[in-house]
Amino acid sequence: MIGSKKSTVSKHNSTKLRLQHHFKKYDLLDSKLALISAHRSMDSYVQKIAQLLNLRTTPITNKKFACGESYVCLNESIRNKIVYLFVPFTYNVNSRVIETFFFIDALKAAEAKEINLIIPFLPYARQDRRNHKREHVGTRVFATCLDALNGSSTKLRLITIDLHSPQIESAYRDTHIEPLQMFSLYGSLIEGLIKKENDVAVIASPDFGGVKRIEKILATSALKDKSLGVAFAYKKRTAHNKSEVKTIVGDVKDKYVILIDDIIDTAGTLIDAARMFKDNGAKKVDIIVTHGLLNDPALERMRDAQKKKIVHQLIITDTVPLSESKKELISEYGIKIKIIPTTVLVADVIARMQRDESLSFVYGNTKYISELYKGIELKKFDGK
Ligand code: R5P
């Protein structure tokens, strides 16, 4: 199970050995697979996966012309290979979108046998319906473009983590989606957090829509026999990237609250909810979020919230690479942040796909995921 205690060197080495042993049994062949990082900000994520799977990565070129047009190229042959193309969606989202389309075109021209897009944080997922007349639906446009690029000669699959809403899948007609989920890992993580706190805990969502996510976490084998409370905030969206928390539902007085969400963007939603929980008597609030976008003014808000003890710690995953400037600010502001690596999960999913084994068995099975993550430290972010 994922832990948060400081480990000794020998503990670290034994976890490394255990993972080596785990992945060795899949026996993947370099000659059949190509792991590609679409953008330099994703390089270290892909390197970690390549190391676990004992594979190399395929070099590419990704650059911009003076006029701003994008250019991508595969620097070696991938003919007849099963390709895993990793695309980060962080700053310059729209550049990444066009690069994704260009990479698919290049991979098809280079005769990839199969294209697997690994997009841990799917862009435009929050634009999944029309809220106003005469506006577009970003999710549908992105899906339609991927479908259009899909061809009968190549198989295109999209692997993503914690999809904003399950119905997004229906926007894709010809692209097969594998939406990996974090609920089992969170079940195991929360089990550890509440044991450590020795407290009465409440699992909470910053909005009503997130209650389904909480129900899944509470149903995991790690938590189903524990008597944990549930709470949520009622929020009203007043503008893009702006929402107002009106009230909370659930008893949080003197409780340890663990707030769960899929995205932390400007941090307004989560911090407002945390403040409301604290105002209603919560003893301590921790936040667990999958996709740490942390766009302005998220870091300032988090710094202030932690100073005022509205939020204790923020736990995110590595699905969205943090830019250097964000890392510097986290360090400068002294924000308490911990990062869960999703690379182990994704590596296992890739390996199992190659062996035609079940994927939901990996992410939907708390016992399996706890074993897979055994000894892996929930590291305090130290600016590196
Ligand atoms: C909304 O439905 C999402 O789940 C997040 O709560 C929201 O996107 C977070 O945005 P922000 O951090 O900017 O409030």
# chains A, B, ... in the order shown; residues from 1 in each chain; ligands from 1

call {"tool": "residues_around", "arguments": {"residues": "Asp162 in chain A", "least_positions_apart": "6", "cutoff": "9 Å", "atoms": "only C-alpha atoms", "output": "list in words"}}
result
Pro120, Phe121, Leu122, Pro179, Leu180, Gln181, Met182, Phe183, Asp262, Thr290 and His291 of chain A

call {"tool": "closest_atom_pairs", "arguments": {"of": "chain A", "to": "ligand 1", "cutoff": "9 Å", "atoms": "only C-alpha atoms and all ligand atoms", "output": "Markdown table"}}
result
| residue | atom | partner | partner_atom_place_in_ligand_line | distance |
| --- | --- | --- | --- | --- |
| A:Arg126 | CA | ligand 1 | 2 (O) | 6.9 |
| A:His164 | CA | ligand 1 | 4 (O) | 6.7 |
| A:Ser165 | CA | ligand 1 | 2 (O) | 8.9 |
| A:Ser205 | CA | ligand 1 | 6 (O) | 8.8 |
| A:Pro206 | CA | ligand 1 | 6 (O) | 6.6 |
| A:Asp207 | CA | ligand 1 | 6 (O) | 7.1 |
| A:Gly209 | CA | ligand 1 | 2 (O) | 7.2 |
| A:Gly210 | CA | ligand 1 | 4 (O) | 7.0 |
| A:His240 | CA | ligand 1 | 13 (O) | 8.3 |
| A:Asn241 | CA | ligand 1 | 13 (O) | 4.7 |
| A:Lys242 | CA | ligand 1 | 14 (O) | 6.3 |
| A:Ser243 | CA | ligand 1 | 14 (O) | 6.6 |
| A:Asp261 | CA | ligand 1 | 4 (O) | 5.7 |
| A:Asp262 | CA | ligand 1 | 4 (O) | 5.3 |
| A:Ile263 | CA | ligand 1 | 5 (C) | 4.7 |
| A:Ile264 | CA | ligand 1 | 12 (O) | 4.0 |
| A:Asp265 | CA | ligand 1 | 12 (O) | 3.5 |
| A:Thr266 | CA | ligand 1 | 13 (O) | 3.6 |
| A:Ala267 | CA | ligand 1 | 12 (O) | 3.4 |
| A:Gly268 | CA | ligand 1 | 14 (O) | 4.0 |
| A:Thr269 | CA | ligand 1 | 14 (O) | 3.7 |
| A:Leu270 | CA | ligand 1 | 14 (O) | 6.3 |
| A:Ile271 | CA | ligand 1 | 14 (O) | 8.1 |
| A:Asp272 | CA | ligand 1 | 14 (O) | 8.6 |
| A:Gly292 | CA | ligand 1 | 12 (O) | 8.9 |
| A:Leu293 | CA | ligand 1 | 12 (O) | 8.1 |
| A:Leu294 | CA | ligand 1 | 12 (O) | 7.4 |
| A:Asn295 | CA | ligand 1 | 13 (O) | 7.8 |
| A:Asp296 | CA | ligand 1 | 13 (O) | 8.9 |
| A:Pro297 | CA | ligand 1 | 13 (O) | 9.0 |
| A:Ala298 | CA | ligand 1 | 12 (O) | 7.1 |

call {"tool": "residues_around", "arguments": {"residues": "Ser170 in chain A", "least_positions_apart": "6", "cutoff": "10 Å", "atoms": "only C-alpha atoms", "output": "PyMOL selection string"}}
result
chain A and resi 140+143+177

call {"tool": "select_by_dssp", "arguments": {"residues": "range 171-374 of chain A", "states": "helix (DSSP H, G or I)", "output": "MDAnalysis selection string"}}
result
chainID A and resid 171 183:197 208:218 268:279 298:307 324:333 343:354 360:363 366:372

call {"tool": "closest_residue", "arguments": {"among": "A:Tyr45, A:Phe381, A:Phe23, A:Phe102", "to": "Leu74 in chain A", "atoms": "only C-alpha atoms"}}
result
A:Phe102

call {"tool": "residues_around", "arguments": {"residues": "Ile194 in chain A", "least_positions_apart": "4", "cutoff": "10 Å", "atoms": "only C-alpha atoms", "output": "short mmCIF file (atom, residue, chain, number, x, y, z; two decimals) with N, CA, C and O atoms, in the first residue's frame"}}
result
data_model
loop_
_atom_site.label_atom_id
_atom_site.label_comp_id
_atom_site.auth_asym_id
_atom_site.auth_seq_id
_atom_site.Cartn_x
_atom_site.Cartn_y
_atom_site.Cartn_z
N LEU A 189 -5.20 4.59 -0.11
CA LEU A 189 -4.52 5.77 0.43
C LEU A 189 -5.29 6.34 1.64
O LEU A 189 -4.69 6.65 2.69
N ILE A 190 -6.60 6.43 1.50
CA ILE A 190 -7.42 7.00 2.59
C ILE A 190 -7.38 6.09 3.81
O ILE A 190 -7.31 6.56 4.95
N ASN A 198 -6.05 8.54 13.28
CA ASN A 198 -6.81 7.96 14.37
C ASN A 198 -8.05 8.82 14.68
O ASN A 198 -8.34 9.14 15.82
N ASP A 199 -8.74 9.22 13.65
CA ASP A 199 -9.80 10.21 13.78
C ASP A 199 -11.10 9.73 13.17
O ASP A 199 -11.12 8.79 12.40
N VAL A 200 -12.16 10.44 13.48
CA VAL A 200 -13.44 10.17 12.81
C VAL A 200 -13.38 10.95 11.50
O VAL A 200 -13.18 12.16 11.50
N ALA A 201 -13.52 10.24 10.40
CA ALA A 201 -13.31 10.90 9.13
C ALA A 201 -14.58 10.98 8.28
O ALA A 201 -15.49 10.17 8.38
N VAL A 202 -14.58 12.01 7.43
CA VAL A 202 -15.68 12.21 6.48
C VAL A 202 -15.05 12.36 5.10
O VAL A 202 -14.08 13.09 4.93
N LEU A 228 -17.51 5.63 7.73
CA LEU A 228 -17.05 6.97 7.36
C LEU A 228 -18.25 7.82 6.95
O LEU A 228 -19.19 7.32 6.34
N TYR A 256 -12.32 14.75 10.68
CA TYR A 256 -11.21 14.90 9.73
C TYR A 256 -11.83 14.74 8.33
O TYR A 256 -12.35 13.68 8.00
N VAL A 257 -11.80 15.81 7.55
CA VAL A 257 -12.45 15.78 6.23
C VAL A 257 -11.42 15.54 5.13
O VAL A 257 -10.39 16.21 5.08
N ILE A 258 -11.74 14.56 4.25
CA ILE A 258 -10.87 14.33 3.08
C ILE A 258 -11.71 14.68 1.86
O ILE A 258 -12.69 14.02 1.54
#

call {"tool": "atom_distance", "arguments": {"atom1": "CA of Lys48 in chain A", "atom2": "CA of Ile337 in chain A"}}
result
20.7 Å

call {"tool": "residues_around", "arguments": {"residues": "Arg18 in chain A", "least_positions_apart": "2", "cutoff": "12 Å", "atoms": "only C-alpha atoms", "output": "number ranges by chain"}}
result
A: 11-16, 20-25, 52, 371-376

call {"tool": "closest_residue", "arguments": {"among": "A:Ile335, A:Val249, A:Ala112, A:Ala231", "to": "Met302 in chain A", "atoms": "only C-alpha atoms"}}
result
A:Ile335

call {"tool": "atom_distance", "arguments": {"atom1": "CA of Asp43 in chain A", "atom2": "CA of Ile288 in chain A"}}
result
24.6 Å

call {"tool": "closest_residue", "arguments": {"among": "A:Leu55, A:Cys73, A:Ile203, A:Ile287", "to": "Thr317 in chain A", "atoms": "only C-alpha atoms"}}
result
A:Ile287

call {"tool": "decode", "arguments": {"residues": "range 170-314 of chain A", "atoms": "C-alpha atoms", "output": "PDB file, in the first residue's frame"}}
result
ATOM      1  CA  SER A 170     -20.246   8.553 -25.851  1.00  0.00           C
ATOM      2  CA  ALA A 171     -18.739  11.470 -27.812  1.00  0.00           C
ATOM      3  CA  TYR A 172     -16.333   8.972 -29.411  1.00  0.00           C
ATOM      4  CA  ARG A 173     -17.682   6.727 -32.139  1.00  0.00           C
ATOM      5  CA  ASP A 174     -14.675   5.029 -33.715  1.00  0.00           C
ATOM      6  CA  THR A 175     -11.978   5.632 -31.113  1.00  0.00           C
ATOM      7  CA  HIS A 176     -11.973   3.091 -28.349  1.00  0.00           C
ATOM      8  CA  ILE A 177     -11.657   4.636 -24.877  1.00  0.00           C
ATOM      9  CA  GLU A 178     -10.049   3.010 -21.830  1.00  0.00           C
ATOM     10  CA  PRO A 179     -10.874   5.287 -18.905  1.00  0.00           C
ATOM     11  CA  LEU A 180      -8.596   4.211 -16.049  1.00  0.00           C
ATOM     12  CA  GLN A 181      -9.785   5.177 -12.591  1.00  0.00           C
ATOM     13  CA  MET A 182      -8.069   6.058  -9.341  1.00  0.00           C
ATOM     14  CA  PHE A 183     -10.775   5.045  -6.860  1.00  0.00           C
ATOM     15  CA  SER A 184      -9.111   1.798  -5.713  1.00  0.00           C
ATOM     16  CA  LEU A 185      -5.803   3.505  -5.103  1.00  0.00           C
ATOM     17  CA  TYR A 186      -7.579   6.327  -3.254  1.00  0.00           C
ATOM     18  CA  GLY A 187      -9.402   3.751  -1.094  1.00  0.00           C
ATOM     19  CA  SER A 188      -6.076   2.320  -0.058  1.00  0.00           C
ATOM     20  CA  LEU A 189      -4.523   5.769   0.433  1.00  0.00           C
ATOM     21  CA  ILE A 190      -7.425   7.001   2.590  1.00  0.00           C
ATOM     22  CA  GLU A 191      -7.258   3.836   4.692  1.00  0.00           C
ATOM     23  CA  GLY A 192      -3.681   4.821   5.551  1.00  0.00           C
ATOM     24  CA  LEU A 193      -4.528   8.493   6.168  1.00  0.00           C
ATOM     25  CA  ILE A 194      -7.351   7.793   8.608  1.00  0.00           C
ATOM     26  CA  LYS A 195      -5.339   5.143  10.443  1.00  0.00           C
ATOM     27  CA  LYS A 196      -2.548   7.653  10.915  1.00  0.00           C
ATOM     28  CA  GLU A 197      -4.941  10.355  12.106  1.00  0.00           C
ATOM     29  CA  ASN A 198      -6.814   7.961  14.373  1.00  0.00           C
ATOM     30  CA  ASP A 199      -9.799  10.210  13.777  1.00  0.00           C
ATOM     31  CA  VAL A 200     -13.435  10.170  12.810  1.00  0.00           C
ATOM     32  CA  ALA A 201     -13.315  10.896   9.125  1.00  0.00           C
ATOM     33  CA  VAL A 202     -15.677  12.214   6.483  1.00  0.00           C
ATOM     34  CA  ILE A 203     -15.099  11.769   2.765  1.00  0.00           C
ATOM     35  CA  ALA A 204     -16.347  14.846   0.962  1.00  0.00           C
ATOM     36  CA  SER A 205     -16.908  16.280  -2.495  1.00  0.00           C
ATOM     37  CA  PRO A 206     -16.776  19.995  -3.401  1.00  0.00           C
ATOM     38  CA  ASP A 207     -19.933  19.509  -5.489  1.00  0.00           C
ATOM     39  CA  PHE A 208     -22.926  17.215  -5.854  1.00  0.00           C
ATOM     40  CA  GLY A 209     -21.581  15.743  -9.111  1.00  0.00           C
ATOM     41  CA  GLY A 210     -18.561  14.337  -7.262  1.00  0.00           C
ATOM     42  CA  VAL A 211     -20.639  12.252  -4.830  1.00  0.00           C
ATOM     43  CA  LYS A 212     -20.639   9.322  -7.282  1.00  0.00           C
ATOM     44  CA  ARG A 213     -16.826   9.398  -7.199  1.00  0.00           C
ATOM     45  CA  ILE A 214     -16.913   9.231  -3.393  1.00  0.00           C
ATOM     46  CA  GLU A 215     -19.375   6.337  -3.412  1.00  0.00           C
ATOM     47  CA  LYS A 216     -16.936   4.325  -5.540  1.00  0.00           C
ATOM     48  CA  ILE A 217     -14.076   5.059  -3.157  1.00  0.00           C
ATOM     49  CA  LEU A 218     -16.180   4.152  -0.120  1.00  0.00           C
ATOM     50  CA  ALA A 219     -17.166   0.857  -1.752  1.00  0.00           C
ATOM     51  CA  THR A 220     -13.531  -0.289  -2.125  1.00  0.00           C
ATOM     52  CA  SER A 221     -12.493  -3.223   0.016  1.00  0.00           C
ATOM     53  CA  ALA A 222     -10.175  -0.925   2.007  1.00  0.00           C
ATOM     54  CA  LEU A 223     -13.054   1.255   3.242  1.00  0.00           C
ATOM     55  CA  LYS A 224     -16.329  -0.601   2.875  1.00  0.00           C
ATOM     56  CA  ASP A 225     -16.376  -1.848   6.467  1.00  0.00           C
ATOM     57  CA  LYS A 226     -15.403   1.487   7.994  1.00  0.00           C
ATOM     58  CA  SER A 227     -18.055   3.864   9.257  1.00  0.00           C
ATOM     59  CA  LEU A 228     -17.052   6.972   7.359  1.00  0.00           C
ATOM     60  CA  GLY A 229     -19.272   9.983   6.908  1.00  0.00           C
ATOM     61  CA  VAL A 230     -20.116  11.591   3.574  1.00  0.00           C
ATOM     62  CA  ALA A 231     -20.492  15.298   2.880  1.00  0.00           C
ATOM     63  CA  PHE A 232     -20.643  17.603  -0.122  1.00  0.00           C
ATOM     64  CA  ALA A 233     -20.736  21.288  -0.849  1.00  0.00           C
ATOM     65  CA  TYR A 234     -23.478  22.852  -2.894  1.00  0.00           C
ATOM     66  CA  LYS A 235     -21.863  25.184  -5.380  1.00  0.00           C
ATOM     67  CA  LYS A 236     -23.123  27.484  -8.061  1.00  0.00           C
ATOM     68  CA  ARG A 237     -21.005  28.263 -11.111  1.00  0.00           C
ATOM     69  CA  THR A 238     -21.094  32.025 -11.666  1.00  0.00           C
ATOM     70  CA  ALA A 239     -18.697  32.241 -14.644  1.00  0.00           C
ATOM     71  CA  HIS A 240     -15.962  30.153 -16.328  1.00  0.00           C
ATOM     72  CA  ASN A 241     -13.400  29.166 -13.675  1.00  0.00           C
ATOM     73  CA  LYS A 242     -15.595  30.785 -10.997  1.00  0.00           C
ATOM     74  CA  SER A 243     -17.966  29.090  -8.626  1.00  0.00           C
ATOM     75  CA  GLU A 244     -19.494  29.990  -5.312  1.00  0.00           C
ATOM     76  CA  VAL A 245     -20.036  27.485  -2.547  1.00  0.00           C
ATOM     77  CA  LYS A 246     -23.470  28.173  -1.043  1.00  0.00           C
ATOM     78  CA  THR A 247     -23.806  25.568   1.677  1.00  0.00           C
ATOM     79  CA  ILE A 248     -22.677  22.116   2.742  1.00  0.00           C
ATOM     80  CA  VAL A 249     -24.599  18.888   3.258  1.00  0.00           C
ATOM     81  CA  GLY A 250     -23.368  16.454   5.928  1.00  0.00           C
ATOM     82  CA  ASP A 251     -22.018  16.571   9.470  1.00  0.00           C
ATOM     83  CA  VAL A 252     -18.346  17.541   9.634  1.00  0.00           C
ATOM     84  CA  LYS A 253     -18.155  18.910  13.185  1.00  0.00           C
ATOM     85  CA  ASP A 254     -14.923  17.747  14.887  1.00  0.00           C
ATOM     86  CA  LYS A 255     -14.236  15.424  11.942  1.00  0.00           C
ATOM     87  CA  TYR A 256     -11.211  14.902   9.727  1.00  0.00           C
ATOM     88  CA  VAL A 257     -12.451  15.780   6.227  1.00  0.00           C
ATOM     89  CA  ILE A 258     -10.872  14.330   3.084  1.00  0.00           C
ATOM     90  CA  LEU A 259     -12.047  16.297   0.067  1.00  0.00           C
ATOM     91  CA  ILE A 260     -11.877  14.491  -3.285  1.00  0.00           C
ATOM     92  CA  ASP A 261     -12.104  15.930  -6.793  1.00  0.00           C
ATOM     93  CA  ASP A 262     -10.910  15.112 -10.301  1.00  0.00           C
ATOM     94  CA  ILE A 263      -9.442  18.512 -11.184  1.00  0.00           C
ATOM     95  CA  ILE A 264      -7.850  21.362  -9.292  1.00  0.00           C
ATOM     96  CA  ASP A 265      -7.466  24.229 -11.727  1.00  0.00           C
ATOM     97  CA  THR A 266      -7.573  27.673 -10.097  1.00  0.00           C
ATOM     98  CA  ALA A 267      -8.319  25.984  -6.731  1.00  0.00           C
ATOM     99  CA  GLY A 268     -11.363  28.199  -6.120  1.00  0.00           C
ATOM    100  CA  THR A 269     -13.833  25.300  -5.881  1.00  0.00           C
ATOM    101  CA  LEU A 270     -11.828  23.166  -3.470  1.00  0.00           C
ATOM    102  CA  ILE A 271     -10.625  25.950  -1.215  1.00  0.00           C
ATOM    103  CA  ASP A 272     -14.125  27.477  -0.963  1.00  0.00           C
ATOM    104  CA  ALA A 273     -15.481  24.058  -0.042  1.00  0.00           C
ATOM    105  CA  ALA A 274     -12.662  23.474   2.474  1.00  0.00           C
ATOM    106  CA  ARG A 275     -13.392  26.873   4.054  1.00  0.00           C
ATOM    107  CA  MET A 276     -17.074  25.991   4.351  1.00  0.00           C
ATOM    108  CA  PHE A 277     -16.207  22.654   6.000  1.00  0.00           C
ATOM    109  CA  LYS A 278     -13.874  24.395   8.449  1.00  0.00           C
ATOM    110  CA  ASP A 279     -16.532  27.036   9.210  1.00  0.00           C
ATOM    111  CA  ASN A 280     -18.852  24.149  10.033  1.00  0.00           C
ATOM    112  CA  GLY A 281     -16.436  22.718  12.581  1.00  0.00           C
ATOM    113  CA  ALA A 282     -14.168  20.340  10.600  1.00  0.00           C
ATOM    114  CA  LYS A 283     -10.974  19.635  12.560  1.00  0.00           C
ATOM    115  CA  LYS A 284      -8.715  19.283   9.567  1.00  0.00           C
ATOM    116  CA  VAL A 285      -9.168  19.197   5.770  1.00  0.00           C
ATOM    117  CA  ASP A 286      -6.944  17.280   3.363  1.00  0.00           C
ATOM    118  CA  ILE A 287      -7.493  17.383  -0.396  1.00  0.00           C
ATOM    119  CA  ILE A 288      -6.921  14.541  -2.872  1.00  0.00           C
ATOM    120  CA  VAL A 289      -7.208  15.461  -6.550  1.00  0.00           C
ATOM    121  CA  THR A 290      -6.221  13.511  -9.638  1.00  0.00           C
ATOM    122  CA  HIS A 291      -5.338  16.260 -12.105  1.00  0.00           C
ATOM    123  CA  GLY A 292      -3.258  19.072 -10.599  1.00  0.00           C
ATOM    124  CA  LEU A 293      -3.558  21.814 -13.218  1.00  0.00           C
ATOM    125  CA  LEU A 294      -2.785  24.476 -10.604  1.00  0.00           C
ATOM    126  CA  ASN A 295      -3.282  27.473 -12.861  1.00  0.00           C
ATOM    127  CA  ASP A 296      -3.182  31.041 -11.577  1.00  0.00           C
ATOM    128  CA  PRO A 297      -4.073  31.918  -8.862  1.00  0.00           C
ATOM    129  CA  ALA A 298      -4.178  28.330  -7.508  1.00  0.00           C
ATOM    130  CA  LEU A 299      -0.781  28.404  -5.818  1.00  0.00           C
ATOM    131  CA  GLU A 300      -1.367  31.752  -4.095  1.00  0.00           C
ATOM    132  CA  ARG A 301      -4.752  30.501  -2.929  1.00  0.00           C
ATOM    133  CA  MET A 302      -3.276  27.242  -1.646  1.00  0.00           C
ATOM    134  CA  ARG A 303      -0.486  29.065   0.157  1.00  0.00           C
ATOM    135  CA  ASP A 304      -3.016  31.321   1.917  1.00  0.00           C
ATOM    136  CA  ALA A 305      -5.385  28.422   2.671  1.00  0.00           C
ATOM    137  CA  GLN A 306      -2.584  26.394   4.238  1.00  0.00           C
ATOM    138  CA  LYS A 307      -1.347  29.390   6.240  1.00  0.00           C
ATOM    139  CA  LYS A 308      -4.844  29.972   7.607  1.00  0.00           C
ATOM    140  CA  LYS A 309      -5.170  26.214   8.289  1.00  0.00           C
ATOM    141  CA  ILE A 310      -8.167  25.924   5.983  1.00  0.00           C
ATOM    142  CA  VAL A 311      -6.356  23.177   4.092  1.00  0.00           C
ATOM    143  CA  HIS A 312      -3.779  20.905   5.687  1.00  0.00           C
ATOM    144  CA  GLN A 313      -2.223  19.123   2.745  1.00  0.00           C
ATOM    145  CA  LEU A 314      -2.836  18.751  -0.967  1.00  0.00           C
TER     146      LEU A 314
END
